[in-house]
>>> print(open('entry-v3.cif').read())   # mmCIF, N, CA and C atoms and all ligand atoms
data_run
loop_
_atom_site.label_atom_id
_atom_site.label_comp_id
_atom_site.auth_asym_id
_atom_site.auth_seq_id
_atom_site.Cartn_x
_atom_site.Cartn_y
_atom_site.Cartn_z
N MET A 972 0.84 -1.20 0.00
CA MET A 972 0.00 0.00 0.00
C MET A 972 0.87 1.25 0.00
N THR A 973 0.42 2.24 -0.73
CA THR A 973 1.16 3.50 -0.76
C THR A 973 0.24 4.61 -0.24
N ASN A 974 0.88 5.61 0.36
CA ASN A 974 0.10 6.75 0.83
C ASN A 974 0.15 7.91 -0.15
N THR A 975 0.74 7.65 -1.33
CA THR A 975 0.83 8.72 -2.33
C THR A 975 -0.58 9.14 -2.73
N PRO A 976 -0.89 10.44 -2.65
CA PRO A 976 -2.24 10.85 -3.04
C PRO A 976 -2.44 10.69 -4.54
N MET A 977 -3.68 10.44 -4.95
CA MET A 977 -3.96 10.26 -6.37
C MET A 977 -3.85 11.60 -7.09
N THR A 978 -3.29 11.56 -8.29
CA THR A 978 -3.22 12.76 -9.12
C THR A 978 -4.11 12.55 -10.34
N LEU A 979 -4.88 13.57 -10.62
CA LEU A 979 -5.87 13.51 -11.70
C LEU A 979 -5.61 14.68 -12.65
N ALA A 980 -5.55 14.40 -13.95
CA ALA A 980 -5.31 15.46 -14.94
C ALA A 980 -6.63 15.88 -15.57
N LEU A 981 -6.71 17.17 -15.90
CA LEU A 981 -7.90 17.75 -16.52
C LEU A 981 -7.49 18.52 -17.76
N ALA A 982 -8.31 18.48 -18.79
CA ALA A 982 -8.08 19.37 -19.94
C ALA A 982 -9.36 19.46 -20.76
N SER A 983 -9.43 20.51 -21.55
CA SER A 983 -10.58 20.70 -22.44
C SER A 983 -10.15 21.57 -23.62
N ASP A 984 -10.99 21.57 -24.65
CA ASP A 984 -10.86 22.62 -25.67
C ASP A 984 -11.81 23.75 -25.26
N HIS A 985 -12.00 24.73 -26.14
CA HIS A 985 -12.87 25.87 -25.83
C HIS A 985 -14.32 25.43 -25.61
N GLY A 986 -14.74 24.36 -26.32
CA GLY A 986 -16.12 23.88 -26.18
C GLY A 986 -16.39 23.23 -24.83
N GLY A 987 -15.33 22.84 -24.16
CA GLY A 987 -15.48 22.21 -22.85
C GLY A 987 -14.94 23.04 -21.70
N LEU A 988 -14.49 24.25 -22.03
CA LEU A 988 -13.81 25.08 -21.02
C LEU A 988 -14.65 25.34 -19.77
N GLU A 989 -15.89 25.77 -19.99
CA GLU A 989 -16.72 26.14 -18.83
C GLU A 989 -16.95 24.92 -17.93
N LEU A 990 -17.27 23.79 -18.54
CA LEU A 990 -17.51 22.59 -17.72
C LEU A 990 -16.20 22.13 -17.06
N LYS A 991 -15.10 22.20 -17.79
CA LYS A 991 -13.81 21.79 -17.19
C LYS A 991 -13.50 22.63 -15.96
N ASN A 992 -13.72 23.93 -16.05
CA ASN A 992 -13.42 24.79 -14.90
C ASN A 992 -14.37 24.51 -13.74
N TYR A 993 -15.61 24.21 -14.06
CA TYR A 993 -16.57 23.86 -13.01
C TYR A 993 -16.13 22.56 -12.32
N ILE A 994 -15.74 21.58 -13.11
CA ILE A 994 -15.29 20.29 -12.56
C ILE A 994 -14.06 20.49 -11.68
N LYS A 995 -13.18 21.37 -12.10
CA LYS A 995 -11.96 21.64 -11.31
C LYS A 995 -12.34 22.16 -9.91
N SER A 996 -13.26 23.09 -9.86
CA SER A 996 -13.71 23.61 -8.56
C SER A 996 -14.42 22.53 -7.76
N TYR A 997 -15.24 21.73 -8.44
CA TYR A 997 -15.97 20.66 -7.76
C TYR A 997 -14.99 19.66 -7.13
N LEU A 998 -13.98 19.29 -7.88
CA LEU A 998 -13.00 18.32 -7.37
C LEU A 998 -12.22 18.91 -6.20
N ALA A 999 -11.85 20.18 -6.31
CA ALA A 999 -11.09 20.82 -5.23
C ALA A 999 -11.91 20.83 -3.93
N THR A 1000 -13.21 21.01 -4.06
CA THR A 1000 -14.08 21.06 -2.88
C THR A 1000 -14.38 19.67 -2.32
N HIS A 1001 -14.70 18.73 -3.23
CA HIS A 1001 -15.18 17.42 -2.79
C HIS A 1001 -14.12 16.35 -2.70
N TYR A 1002 -12.98 16.57 -3.35
CA TYR A 1002 -11.89 15.58 -3.33
C TYR A 1002 -10.57 16.29 -3.02
N PRO A 1003 -10.49 16.96 -1.85
CA PRO A 1003 -9.28 17.74 -1.55
C PRO A 1003 -8.03 16.86 -1.41
N GLN A 1004 -8.23 15.56 -1.27
CA GLN A 1004 -7.10 14.64 -1.16
C GLN A 1004 -6.42 14.39 -2.51
N TYR A 1005 -7.05 14.78 -3.61
CA TYR A 1005 -6.47 14.55 -4.94
C TYR A 1005 -5.61 15.75 -5.36
N ASN A 1006 -4.48 15.46 -5.96
CA ASN A 1006 -3.73 16.50 -6.67
C ASN A 1006 -4.36 16.66 -8.05
N MET A 1007 -4.35 17.89 -8.55
CA MET A 1007 -4.90 18.11 -9.89
C MET A 1007 -3.88 18.76 -10.79
N LEU A 1008 -3.83 18.30 -12.04
CA LEU A 1008 -3.00 18.93 -13.06
C LEU A 1008 -3.95 19.46 -14.12
N ASP A 1009 -3.98 20.78 -14.30
CA ASP A 1009 -4.86 21.38 -15.30
C ASP A 1009 -4.04 21.73 -16.53
N PHE A 1010 -4.27 21.00 -17.62
CA PHE A 1010 -3.52 21.21 -18.85
C PHE A 1010 -4.21 22.19 -19.80
N GLY A 1011 -5.17 22.96 -19.30
CA GLY A 1011 -5.84 23.94 -20.15
C GLY A 1011 -7.01 23.33 -20.91
N THR A 1012 -7.55 24.06 -21.81
CA THR A 1012 -7.24 25.40 -22.21
C THR A 1012 -7.69 26.35 -21.11
N GLN A 1013 -7.22 27.59 -21.16
CA GLN A 1013 -7.54 28.51 -20.07
C GLN A 1013 -8.40 29.69 -20.52
N ASP A 1014 -8.69 29.80 -21.81
CA ASP A 1014 -9.56 30.89 -22.24
C ASP A 1014 -10.43 30.41 -23.41
N THR A 1015 -11.27 31.29 -23.91
CA THR A 1015 -12.28 30.86 -24.88
C THR A 1015 -11.78 30.87 -26.34
N ALA A 1016 -10.52 31.16 -26.55
CA ALA A 1016 -9.98 31.13 -27.92
C ALA A 1016 -10.11 29.72 -28.49
N SER A 1017 -10.43 29.62 -29.76
CA SER A 1017 -10.62 28.33 -30.40
C SER A 1017 -9.30 27.55 -30.47
N VAL A 1018 -9.35 26.32 -30.00
CA VAL A 1018 -8.16 25.45 -30.00
C VAL A 1018 -8.58 24.08 -30.54
N ASP A 1019 -7.60 23.21 -30.72
CA ASP A 1019 -7.85 21.90 -31.32
C ASP A 1019 -7.83 20.80 -30.25
N TYR A 1020 -8.96 20.10 -30.13
CA TYR A 1020 -9.07 19.11 -29.04
C TYR A 1020 -8.00 18.02 -29.05
N PRO A 1021 -7.44 17.59 -30.21
CA PRO A 1021 -6.41 16.55 -30.12
C PRO A 1021 -5.19 16.98 -29.28
N ASP A 1022 -4.89 18.28 -29.30
CA ASP A 1022 -3.73 18.76 -28.53
C ASP A 1022 -3.95 18.59 -27.04
N TYR A 1023 -5.19 18.71 -26.61
CA TYR A 1023 -5.49 18.62 -25.16
C TYR A 1023 -5.67 17.17 -24.72
N ALA A 1024 -6.21 16.36 -25.62
CA ALA A 1024 -6.27 14.92 -25.33
C ALA A 1024 -4.85 14.37 -25.16
N LYS A 1025 -3.96 14.81 -26.03
CA LYS A 1025 -2.56 14.33 -26.00
C LYS A 1025 -1.88 14.69 -24.68
N LYS A 1026 -2.11 15.89 -24.18
CA LYS A 1026 -1.47 16.31 -22.91
C LYS A 1026 -1.87 15.37 -21.77
N VAL A 1027 -3.15 15.06 -21.68
CA VAL A 1027 -3.61 14.21 -20.57
C VAL A 1027 -3.18 12.76 -20.80
N ALA A 1028 -3.30 12.28 -22.03
CA ALA A 1028 -2.89 10.90 -22.32
C ALA A 1028 -1.41 10.70 -21.98
N GLN A 1029 -0.59 11.62 -22.41
CA GLN A 1029 0.85 11.48 -22.16
C GLN A 1029 1.18 11.61 -20.68
N SER A 1030 0.45 12.43 -19.98
CA SER A 1030 0.68 12.57 -18.53
C SER A 1030 0.39 11.24 -17.82
N ILE A 1031 -0.68 10.56 -18.23
CA ILE A 1031 -1.00 9.24 -17.66
C ILE A 1031 0.09 8.24 -18.04
N LEU A 1032 0.47 8.23 -19.30
CA LEU A 1032 1.44 7.24 -19.77
C LEU A 1032 2.82 7.46 -19.16
N LYS A 1033 3.12 8.69 -18.74
CA LYS A 1033 4.38 8.99 -18.05
C LYS A 1033 4.28 8.78 -16.54
N ASN A 1034 3.10 8.33 -16.09
CA ASN A 1034 2.84 8.10 -14.66
C ASN A 1034 2.93 9.37 -13.83
N GLU A 1035 2.64 10.52 -14.44
CA GLU A 1035 2.55 11.76 -13.66
C GLU A 1035 1.22 11.79 -12.91
N CYS A 1036 0.25 11.08 -13.46
CA CYS A 1036 -1.07 11.04 -12.83
C CYS A 1036 -1.67 9.67 -13.10
N GLU A 1037 -2.71 9.34 -12.35
CA GLU A 1037 -3.35 8.02 -12.47
C GLU A 1037 -4.49 8.04 -13.48
N CYS A 1038 -5.15 9.18 -13.61
CA CYS A 1038 -6.34 9.22 -14.46
C CYS A 1038 -6.61 10.66 -14.89
N GLY A 1039 -7.59 10.82 -15.79
CA GLY A 1039 -7.86 12.16 -16.29
C GLY A 1039 -9.31 12.35 -16.69
N ILE A 1040 -9.66 13.62 -16.84
CA ILE A 1040 -10.99 14.01 -17.32
C ILE A 1040 -10.78 14.95 -18.50
N LEU A 1041 -11.44 14.65 -19.62
CA LEU A 1041 -11.33 15.47 -20.83
C LEU A 1041 -12.72 15.95 -21.24
N VAL A 1042 -12.78 17.20 -21.65
CA VAL A 1042 -14.07 17.78 -22.06
C VAL A 1042 -13.89 18.53 -23.38
N CYS A 1043 -14.76 18.24 -24.34
CA CYS A 1043 -14.87 19.10 -25.53
C CYS A 1043 -16.36 19.40 -25.69
N GLY A 1044 -16.77 19.90 -26.83
CA GLY A 1044 -18.17 20.28 -26.98
C GLY A 1044 -19.12 19.11 -26.75
N THR A 1045 -18.83 18.00 -27.42
CA THR A 1045 -19.66 16.80 -27.29
C THR A 1045 -18.99 15.68 -26.51
N GLY A 1046 -17.69 15.78 -26.31
CA GLY A 1046 -16.91 14.68 -25.74
C GLY A 1046 -16.46 13.67 -26.78
N ILE A 1047 -16.99 13.81 -28.00
CA ILE A 1047 -16.69 12.80 -29.03
C ILE A 1047 -15.27 12.95 -29.55
N GLY A 1048 -14.94 14.14 -30.02
CA GLY A 1048 -13.62 14.33 -30.62
C GLY A 1048 -12.49 14.05 -29.64
N ILE A 1049 -12.66 14.52 -28.43
CA ILE A 1049 -11.56 14.39 -27.46
C ILE A 1049 -11.42 12.93 -26.99
N SER A 1050 -12.52 12.16 -27.01
CA SER A 1050 -12.41 10.74 -26.65
C SER A 1050 -11.75 9.96 -27.79
N ILE A 1051 -12.10 10.29 -29.03
CA ILE A 1051 -11.45 9.64 -30.17
C ILE A 1051 -9.95 9.91 -30.12
N ALA A 1052 -9.59 11.16 -29.86
CA ALA A 1052 -8.17 11.54 -29.84
C ALA A 1052 -7.42 10.81 -28.73
N ALA A 1053 -8.00 10.76 -27.55
CA ALA A 1053 -7.31 10.13 -26.41
C ALA A 1053 -7.10 8.64 -26.65
N ASN A 1054 -8.08 8.00 -27.31
CA ASN A 1054 -7.99 6.55 -27.52
C ASN A 1054 -6.97 6.17 -28.60
N ARG A 1055 -6.35 7.15 -29.26
CA ARG A 1055 -5.26 6.85 -30.19
C ARG A 1055 -3.99 6.43 -29.46
N PHE A 1056 -3.95 6.68 -28.14
CA PHE A 1056 -2.73 6.40 -27.37
C PHE A 1056 -2.84 5.03 -26.71
N LYS A 1057 -1.88 4.17 -27.01
CA LYS A 1057 -1.86 2.82 -26.45
C LYS A 1057 -1.78 2.89 -24.93
N GLY A 1058 -2.66 2.20 -24.28
CA GLY A 1058 -2.69 2.22 -22.81
C GLY A 1058 -3.76 3.16 -22.26
N ILE A 1059 -4.34 3.96 -23.15
CA ILE A 1059 -5.42 4.85 -22.73
C ILE A 1059 -6.76 4.18 -23.01
N ARG A 1060 -7.63 4.24 -22.02
CA ARG A 1060 -9.01 3.78 -22.17
C ARG A 1060 -9.90 4.97 -21.80
N ALA A 1061 -10.30 5.72 -22.82
CA ALA A 1061 -11.09 6.93 -22.60
C ALA A 1061 -12.55 6.62 -22.88
N ALA A 1062 -13.40 6.91 -21.93
CA ALA A 1062 -14.83 6.58 -22.05
C ALA A 1062 -15.67 7.85 -22.05
N LEU A 1063 -16.44 7.99 -23.11
CA LEU A 1063 -17.42 9.09 -23.20
C LEU A 1063 -18.71 8.59 -22.56
N VAL A 1064 -19.11 9.19 -21.47
CA VAL A 1064 -20.29 8.69 -20.75
C VAL A 1064 -21.43 9.71 -20.81
N HIS A 1065 -22.64 9.19 -20.72
CA HIS A 1065 -23.80 10.06 -20.88
C HIS A 1065 -24.94 9.74 -19.93
N ASN A 1066 -24.72 8.82 -19.01
CA ASN A 1066 -25.71 8.58 -17.95
C ASN A 1066 -25.02 7.83 -16.81
N ASP A 1067 -25.76 7.60 -15.72
CA ASP A 1067 -25.14 6.98 -14.54
C ASP A 1067 -24.62 5.57 -14.86
N PHE A 1068 -25.37 4.84 -15.69
CA PHE A 1068 -24.98 3.46 -15.98
C PHE A 1068 -23.67 3.41 -16.77
N THR A 1069 -23.55 4.26 -17.80
CA THR A 1069 -22.30 4.23 -18.57
C THR A 1069 -21.13 4.73 -17.72
N ALA A 1070 -21.40 5.66 -16.81
CA ALA A 1070 -20.33 6.11 -15.91
C ALA A 1070 -19.85 4.95 -15.03
N GLU A 1071 -20.79 4.17 -14.53
CA GLU A 1071 -20.44 3.02 -13.67
C GLU A 1071 -19.69 1.95 -14.48
N MET A 1072 -20.24 1.62 -15.64
CA MET A 1072 -19.62 0.55 -16.45
C MET A 1072 -18.24 0.95 -16.97
N SER A 1073 -18.05 2.25 -17.19
CA SER A 1073 -16.75 2.70 -17.71
C SER A 1073 -15.62 2.30 -16.78
N LYS A 1074 -15.92 2.20 -15.47
CA LYS A 1074 -14.89 1.76 -14.53
C LYS A 1074 -15.04 0.27 -14.24
N ALA A 1075 -16.24 -0.18 -13.94
CA ALA A 1075 -16.45 -1.58 -13.51
C ALA A 1075 -15.99 -2.57 -14.58
N HIS A 1076 -16.28 -2.30 -15.84
CA HIS A 1076 -15.96 -3.24 -16.91
C HIS A 1076 -14.78 -2.80 -17.77
N ASN A 1077 -14.63 -1.49 -17.97
CA ASN A 1077 -13.60 -1.00 -18.91
C ASN A 1077 -12.38 -0.39 -18.22
N ASN A 1078 -12.46 -0.20 -16.92
CA ASN A 1078 -11.37 0.42 -16.16
C ASN A 1078 -10.85 1.66 -16.87
N ALA A 1079 -11.78 2.50 -17.30
CA ALA A 1079 -11.40 3.71 -18.05
C ALA A 1079 -10.46 4.57 -17.23
N ASN A 1080 -9.34 4.94 -17.84
CA ASN A 1080 -8.43 5.84 -17.12
C ASN A 1080 -8.63 7.30 -17.52
N ILE A 1081 -9.53 7.54 -18.47
CA ILE A 1081 -9.96 8.91 -18.77
C ILE A 1081 -11.48 8.92 -18.92
N LEU A 1082 -12.10 9.87 -18.25
CA LEU A 1082 -13.54 10.09 -18.41
C LEU A 1082 -13.72 11.27 -19.35
N CYS A 1083 -14.55 11.12 -20.38
CA CYS A 1083 -14.80 12.19 -21.34
C CYS A 1083 -16.23 12.69 -21.20
N LEU A 1084 -16.38 13.98 -21.31
CA LEU A 1084 -17.69 14.62 -21.15
C LEU A 1084 -17.88 15.69 -22.21
N GLY A 1085 -19.14 15.99 -22.49
CA GLY A 1085 -19.46 17.04 -23.47
C GLY A 1085 -19.93 18.30 -22.76
N GLY A 1086 -19.20 19.37 -22.95
CA GLY A 1086 -19.57 20.64 -22.31
C GLY A 1086 -20.85 21.22 -22.86
N ARG A 1087 -21.20 20.84 -24.11
CA ARG A 1087 -22.43 21.37 -24.71
C ARG A 1087 -23.57 20.37 -24.66
N THR A 1088 -23.31 19.21 -24.06
CA THR A 1088 -24.33 18.15 -24.05
C THR A 1088 -24.67 17.65 -22.65
N THR A 1089 -23.83 17.94 -21.69
CA THR A 1089 -24.00 17.39 -20.34
C THR A 1089 -24.06 18.53 -19.33
N SER A 1090 -25.05 18.49 -18.46
CA SER A 1090 -25.16 19.56 -17.45
C SER A 1090 -24.05 19.42 -16.42
N LYS A 1091 -23.77 20.49 -15.72
CA LYS A 1091 -22.73 20.47 -14.68
C LYS A 1091 -23.09 19.45 -13.60
N GLU A 1092 -24.37 19.42 -13.22
CA GLU A 1092 -24.80 18.50 -12.16
C GLU A 1092 -24.62 17.05 -12.59
N ASP A 1093 -25.05 16.74 -13.81
CA ASP A 1093 -24.89 15.37 -14.31
C ASP A 1093 -23.40 15.02 -14.41
N ALA A 1094 -22.61 15.94 -14.93
CA ALA A 1094 -21.18 15.66 -15.10
C ALA A 1094 -20.53 15.31 -13.76
N CYS A 1095 -20.85 16.08 -12.74
CA CYS A 1095 -20.22 15.82 -11.43
C CYS A 1095 -20.72 14.50 -10.84
N ARG A 1096 -21.96 14.16 -11.10
CA ARG A 1096 -22.46 12.86 -10.62
C ARG A 1096 -21.76 11.72 -11.36
N TYR A 1097 -21.56 11.86 -12.66
CA TYR A 1097 -20.84 10.82 -13.41
C TYR A 1097 -19.41 10.67 -12.88
N ILE A 1098 -18.80 11.79 -12.55
CA ILE A 1098 -17.43 11.76 -12.01
C ILE A 1098 -17.42 11.02 -10.67
N ASP A 1099 -18.36 11.33 -9.81
CA ASP A 1099 -18.45 10.63 -8.51
C ASP A 1099 -18.55 9.12 -8.73
N ILE A 1100 -19.43 8.73 -9.63
CA ILE A 1100 -19.65 7.30 -9.88
C ILE A 1100 -18.38 6.67 -10.42
N TRP A 1101 -17.77 7.32 -11.39
CA TRP A 1101 -16.53 6.79 -12.01
C TRP A 1101 -15.40 6.66 -10.98
N LEU A 1102 -15.25 7.67 -10.15
CA LEU A 1102 -14.15 7.63 -9.16
C LEU A 1102 -14.40 6.57 -8.09
N LYS A 1103 -15.65 6.36 -7.74
CA LYS A 1103 -15.96 5.48 -6.59
C LYS A 1103 -16.20 4.02 -6.98
N THR A 1104 -16.47 3.78 -8.24
CA THR A 1104 -16.76 2.40 -8.67
C THR A 1104 -15.45 1.63 -8.82
N PRO A 1105 -15.33 0.43 -8.24
CA PRO A 1105 -14.13 -0.37 -8.45
C PRO A 1105 -14.18 -1.13 -9.77
N PHE A 1106 -13.00 -1.36 -10.34
CA PHE A 1106 -12.88 -2.22 -11.53
C PHE A 1106 -13.12 -3.66 -11.08
N GLU A 1107 -13.91 -4.40 -11.85
CA GLU A 1107 -14.26 -5.77 -11.44
C GLU A 1107 -13.20 -6.80 -11.78
N GLY A 1108 -12.27 -6.46 -12.68
CA GLY A 1108 -11.21 -7.41 -13.04
C GLY A 1108 -11.77 -8.68 -13.67
N GLY A 1109 -11.08 -9.83 -13.42
CA GLY A 1109 -11.57 -11.11 -13.93
C GLY A 1109 -11.68 -11.13 -15.43
N ARG A 1110 -12.85 -11.51 -15.94
CA ARG A 1110 -13.03 -11.61 -17.39
C ARG A 1110 -12.84 -10.25 -18.07
N HIS A 1111 -13.09 -9.19 -17.33
CA HIS A 1111 -12.93 -7.86 -17.93
C HIS A 1111 -11.45 -7.53 -18.12
N GLN A 1112 -10.60 -8.01 -17.22
CA GLN A 1112 -9.16 -7.80 -17.39
C GLN A 1112 -8.66 -8.54 -18.62
N ILE A 1113 -9.18 -9.76 -18.85
CA ILE A 1113 -8.79 -10.53 -20.05
C ILE A 1113 -9.11 -9.72 -21.31
N ARG A 1114 -10.25 -9.07 -21.32
CA ARG A 1114 -10.66 -8.28 -22.48
C ARG A 1114 -9.77 -7.03 -22.63
N LEU A 1115 -9.45 -6.41 -21.50
CA LEU A 1115 -8.56 -5.23 -21.59
C LEU A 1115 -7.18 -5.65 -22.09
N ASP A 1116 -6.71 -6.82 -21.66
CA ASP A 1116 -5.41 -7.30 -22.14
C ASP A 1116 -5.42 -7.46 -23.66
N LYS A 1117 -6.55 -7.88 -24.20
CA LYS A 1117 -6.65 -8.07 -25.66
C LYS A 1117 -6.59 -6.74 -26.40
N LEU A 1118 -6.96 -5.65 -25.74
CA LEU A 1118 -6.86 -4.33 -26.37
C LEU A 1118 -5.41 -3.94 -26.60
N GLU A 1119 -4.54 -4.43 -25.71
CA GLU A 1119 -3.14 -4.02 -25.76
C GLU A 1119 -2.34 -4.91 -26.68
C1 LIG A 1201 -15.41 22.56 -31.22
O1 LIG A 1201 -16.26 23.49 -31.82
C2 LIG A 1201 -16.05 21.18 -31.24
O2 LIG A 1201 -16.05 20.66 -32.53
C3 LIG A 1201 -15.34 20.27 -30.29
O3 LIG A 1201 -15.39 20.83 -29.00
C4 LIG A 1201 -15.91 18.88 -30.11
O4 LIG A 1201 -17.28 18.90 -29.87
C5 LIG A 1201 -15.53 17.87 -31.11
O5 LIG A 1201 -15.85 16.68 -31.00
#
>>> encode(input="entry-v3.cif", output="structure tokens", more="lines below")
Ligand code: RB5
Amino acid sequence: MTNTPMTLALASDHGGLELKNYIKSYLATHYPQYNMLDFGTQDTASVDYPDYAKKVAQSILKNECECGILVCGTGIGISIAANRFKGIRAALVHNDFTAEMSKAHNNANILCLGGRTTSKEDACRYIDIWLKTPFEGGRHQIRLDKLE
């Protein structure tokens, strides 16, 4: 067992900026034990979501953090981009069940959300579920191994 606190990376494009910043405040209030790395974006200027997916994916792959949250307008582009990286399992979730399954069955190391499609309240509830649900392992680990 280690006492190292968990580190979580966050990033968004302009379409996910408002929700990303809201999530950052929510995590700081409700999960003060977590370290956070905010990879931007930091303003409303138009940017390209693959650049932000790459920052979080690489941070996980370098073991700077254990997991991440990515937000773009729909969550679609940024999840596609993150899943280009071997070892990344980015899940775009849209209800409580997919949030739960993303961890229980897929052991998603990145949660993706849509800033223009998901309310702040729903997003934070999905995050709670994803963070608190344990990975079930077993047959699901065999399937994850096949991805690699
Ligand atoms: C940016 O306008 C938008 O295309 C992007 O945030 C995302 O929704 C792409 O999937």
>>> residues_near_ligand(input="entry-v3.cif", ligand="ligand LIG 1201 (chain A)", cutoff="6 Å", atoms="only N, CA and C atoms and all ligand atoms", output="PyMOL selection string")
chain A and resi 984-987+1043-1049
>>> atom_distance(input="entry-v3.cif", atom1="CA of Leu1082 (chain A)", atom2="CA of Gly1039 (chain A)")
6.4 Å
>>> closest_residue(input="entry-v3.cif", among="A:Met1007, A:Leu990, A:Ile1059, A:Cys1083", to="Ile1031 (chain A)", atoms="all atoms listed in the file")
A:Ile1059
>>> select_by_dssp(input="entry-v3.cif", residues="region 1021-1095 of chain A", states="strand (DSSP E or B)", output="list in words")
Cys1038, Gly1039, Ile1040, Leu1041, Val1042, Cys1043, Ala1061, Ala1062, Leu1063, Ile1081, Leu1082, Cys1083, Leu1084 and Gly1085 of chain A
>>> write_last_selection(input="entry-v3.cif", atoms="N, CA and C atoms", output="PDB file, in the coordinates of the input")
ATOM      1  N   CYS A1038      -5.150   9.180 -13.610  1.00  0.00           N
ATOM      2  CA  CYS A1038      -6.340   9.220 -14.460  1.00  0.00           C
ATOM      3  C   CYS A1038      -6.610  10.660 -14.890  1.00  0.00           C
ATOM      4  N   GLY A1039      -7.590  10.820 -15.790  1.00  0.00           N
ATOM      5  CA  GLY A1039      -7.860  12.160 -16.290  1.00  0.00           C
ATOM      6  C   GLY A1039      -9.310  12.350 -16.690  1.00  0.00           C
ATOM      7  N   ILE A1040      -9.660  13.620 -16.840  1.00  0.00           N
ATOM      8  CA  ILE A1040     -10.990  14.010 -17.320  1.00  0.00           C
ATOM      9  C   ILE A1040     -10.780  14.950 -18.500  1.00  0.00           C
ATOM     10  N   LEU A1041     -11.440  14.650 -19.620  1.00  0.00           N
ATOM     11  CA  LEU A1041     -11.330  15.470 -20.830  1.00  0.00           C
ATOM     12  C   LEU A1041     -12.720  15.950 -21.240  1.00  0.00           C
ATOM     13  N   VAL A1042     -12.780  17.200 -21.650  1.00  0.00           N
ATOM     14  CA  VAL A1042     -14.070  17.780 -22.060  1.00  0.00           C
ATOM     15  C   VAL A1042     -13.890  18.530 -23.380  1.00  0.00           C
ATOM     16  N   CYS A1043     -14.760  18.240 -24.340  1.00  0.00           N
ATOM     17  CA  CYS A1043     -14.870  19.100 -25.530  1.00  0.00           C
ATOM     18  C   CYS A1043     -16.360  19.400 -25.690  1.00  0.00           C
ATOM     19  N   ALA A1061     -10.300   5.720 -22.820  1.00  0.00           N
ATOM     20  CA  ALA A1061     -11.090   6.930 -22.600  1.00  0.00           C
ATOM     21  C   ALA A1061     -12.550   6.620 -22.880  1.00  0.00           C
ATOM     22  N   ALA A1062     -13.400   6.910 -21.930  1.00  0.00           N
ATOM     23  CA  ALA A1062     -14.830   6.580 -22.050  1.00  0.00           C
ATOM     24  C   ALA A1062     -15.670   7.850 -22.050  1.00  0.00           C
ATOM     25  N   LEU A1063     -16.440   7.990 -23.110  1.00  0.00           N
ATOM     26  CA  LEU A1063     -17.420   9.090 -23.200  1.00  0.00           C
ATOM     27  C   LEU A1063     -18.710   8.590 -22.560  1.00  0.00           C
ATOM     28  N   ILE A1081      -9.530   7.540 -18.470  1.00  0.00           N
ATOM     29  CA  ILE A1081      -9.960   8.910 -18.770  1.00  0.00           C
ATOM     30  C   ILE A1081     -11.480   8.920 -18.920  1.00  0.00           C
ATOM     31  N   LEU A1082     -12.100   9.870 -18.250  1.00  0.00           N
ATOM     32  CA  LEU A1082     -13.540  10.090 -18.410  1.00  0.00           C
ATOM     33  C   LEU A1082     -13.720  11.270 -19.350  1.00  0.00           C
ATOM     34  N   CYS A1083     -14.550  11.120 -20.380  1.00  0.00           N
ATOM     35  CA  CYS A1083     -14.800  12.190 -21.340  1.00  0.00           C
ATOM     36  C   CYS A1083     -16.230  12.690 -21.200  1.00  0.00           C
ATOM     37  N   LEU A1084     -16.380  13.980 -21.310  1.00  0.00           N
ATOM     38  CA  LEU A1084     -17.690  14.620 -21.150  1.00  0.00           C
ATOM     39  C   LEU A1084     -17.880  15.690 -22.210  1.00  0.00           C
ATOM     40  N   GLY A1085     -19.140  15.990 -22.490  1.00  0.00           N
ATOM     41  CA  GLY A1085     -19.460  17.040 -23.470  1.00  0.00           C
ATOM     42  C   GLY A1085     -19.930  18.300 -22.760  1.00  0.00           C
TER      43      GLY A1085
END
>>> closest_residue(input="entry-v3.cif", among="A:Ala1053, A:Ile994, A:Leu1008, A:Leu988", to="Pro1021 (chain A)", atoms="only N, CA and C atoms")
A:Ala1053
>>> closest_residue(input="entry-v3.cif", among="A:Glu1119, A:Thr1104, A:Thr1000, A:Ile1040", to="Lys1057 (chain A)", atoms="only N, CA and C atoms")
A:Glu1119
>>> select_by_dssp(input="entry-v3.cif", residues="chain A", states="helix (DSSP H, G or I)", output="PyMOL selection string")
chain A and resi 985-1001+1020-1032+1047-1053+1067-1075+1091-1103+1110-1118
>>> closest_residue(input="entry-v3.cif", among="A:Ala1070, A:Gly1085, A:Lys1117, A:Ala1016", to="Ile1098 (chain A)", atoms="only N, CA and C atoms")
A:Ala1070
>>> decode(input="entry-v3.cif", residues="region 1083-1102 of chain A", atoms="C-alpha atoms", output="PDB file, in the first residue's frame")
ATOM      1  CA  CYS A1083     -14.802  12.194 -21.340  1.00  0.00           C
ATOM      2  CA  LEU A1084     -17.687  14.616 -21.149  1.00  0.00           C
ATOM      3  CA  GLY A1085     -19.460  17.043 -23.466  1.00  0.00           C
ATOM      4  CA  GLY A1086     -19.567  20.640 -22.309  1.00  0.00           C
ATOM      5  CA  ARG A1087     -22.426  21.367 -24.712  1.00  0.00           C
ATOM      6  CA  THR A1088     -24.334  18.154 -24.054  1.00  0.00           C
ATOM      7  CA  THR A1089     -24.002  17.388 -20.337  1.00  0.00           C
ATOM      8  CA  SER A1090     -25.159  19.562 -17.451  1.00  0.00           C
ATOM      9  CA  LYS A1091     -22.733  20.473 -14.676  1.00  0.00           C
ATOM     10  CA  GLU A1092     -24.799  18.505 -12.159  1.00  0.00           C
ATOM     11  CA  ASP A1093     -24.889  15.368 -14.306  1.00  0.00           C
ATOM     12  CA  ALA A1094     -21.177  15.657 -15.100  1.00  0.00           C
ATOM     13  CA  CYS A1095     -20.223  15.821 -11.427  1.00  0.00           C
ATOM     14  CA  ARG A1096     -22.460  12.863 -10.621  1.00  0.00           C
ATOM     15  CA  TYR A1097     -20.840  10.817 -13.410  1.00  0.00           C
ATOM     16  CA  ILE A1098     -17.431  11.756 -12.010  1.00  0.00           C
ATOM     17  CA  ASP A1099     -18.446  10.632  -8.510  1.00  0.00           C
ATOM     18  CA  ILE A1100     -19.647   7.299  -9.883  1.00  0.00           C
ATOM     19  CA  TRP A1101     -16.535   6.786 -12.015  1.00  0.00           C
ATOM     20  CA  LEU A1102     -14.152   7.626  -9.160  1.00  0.00           C
TER      21      LEU A1102
END
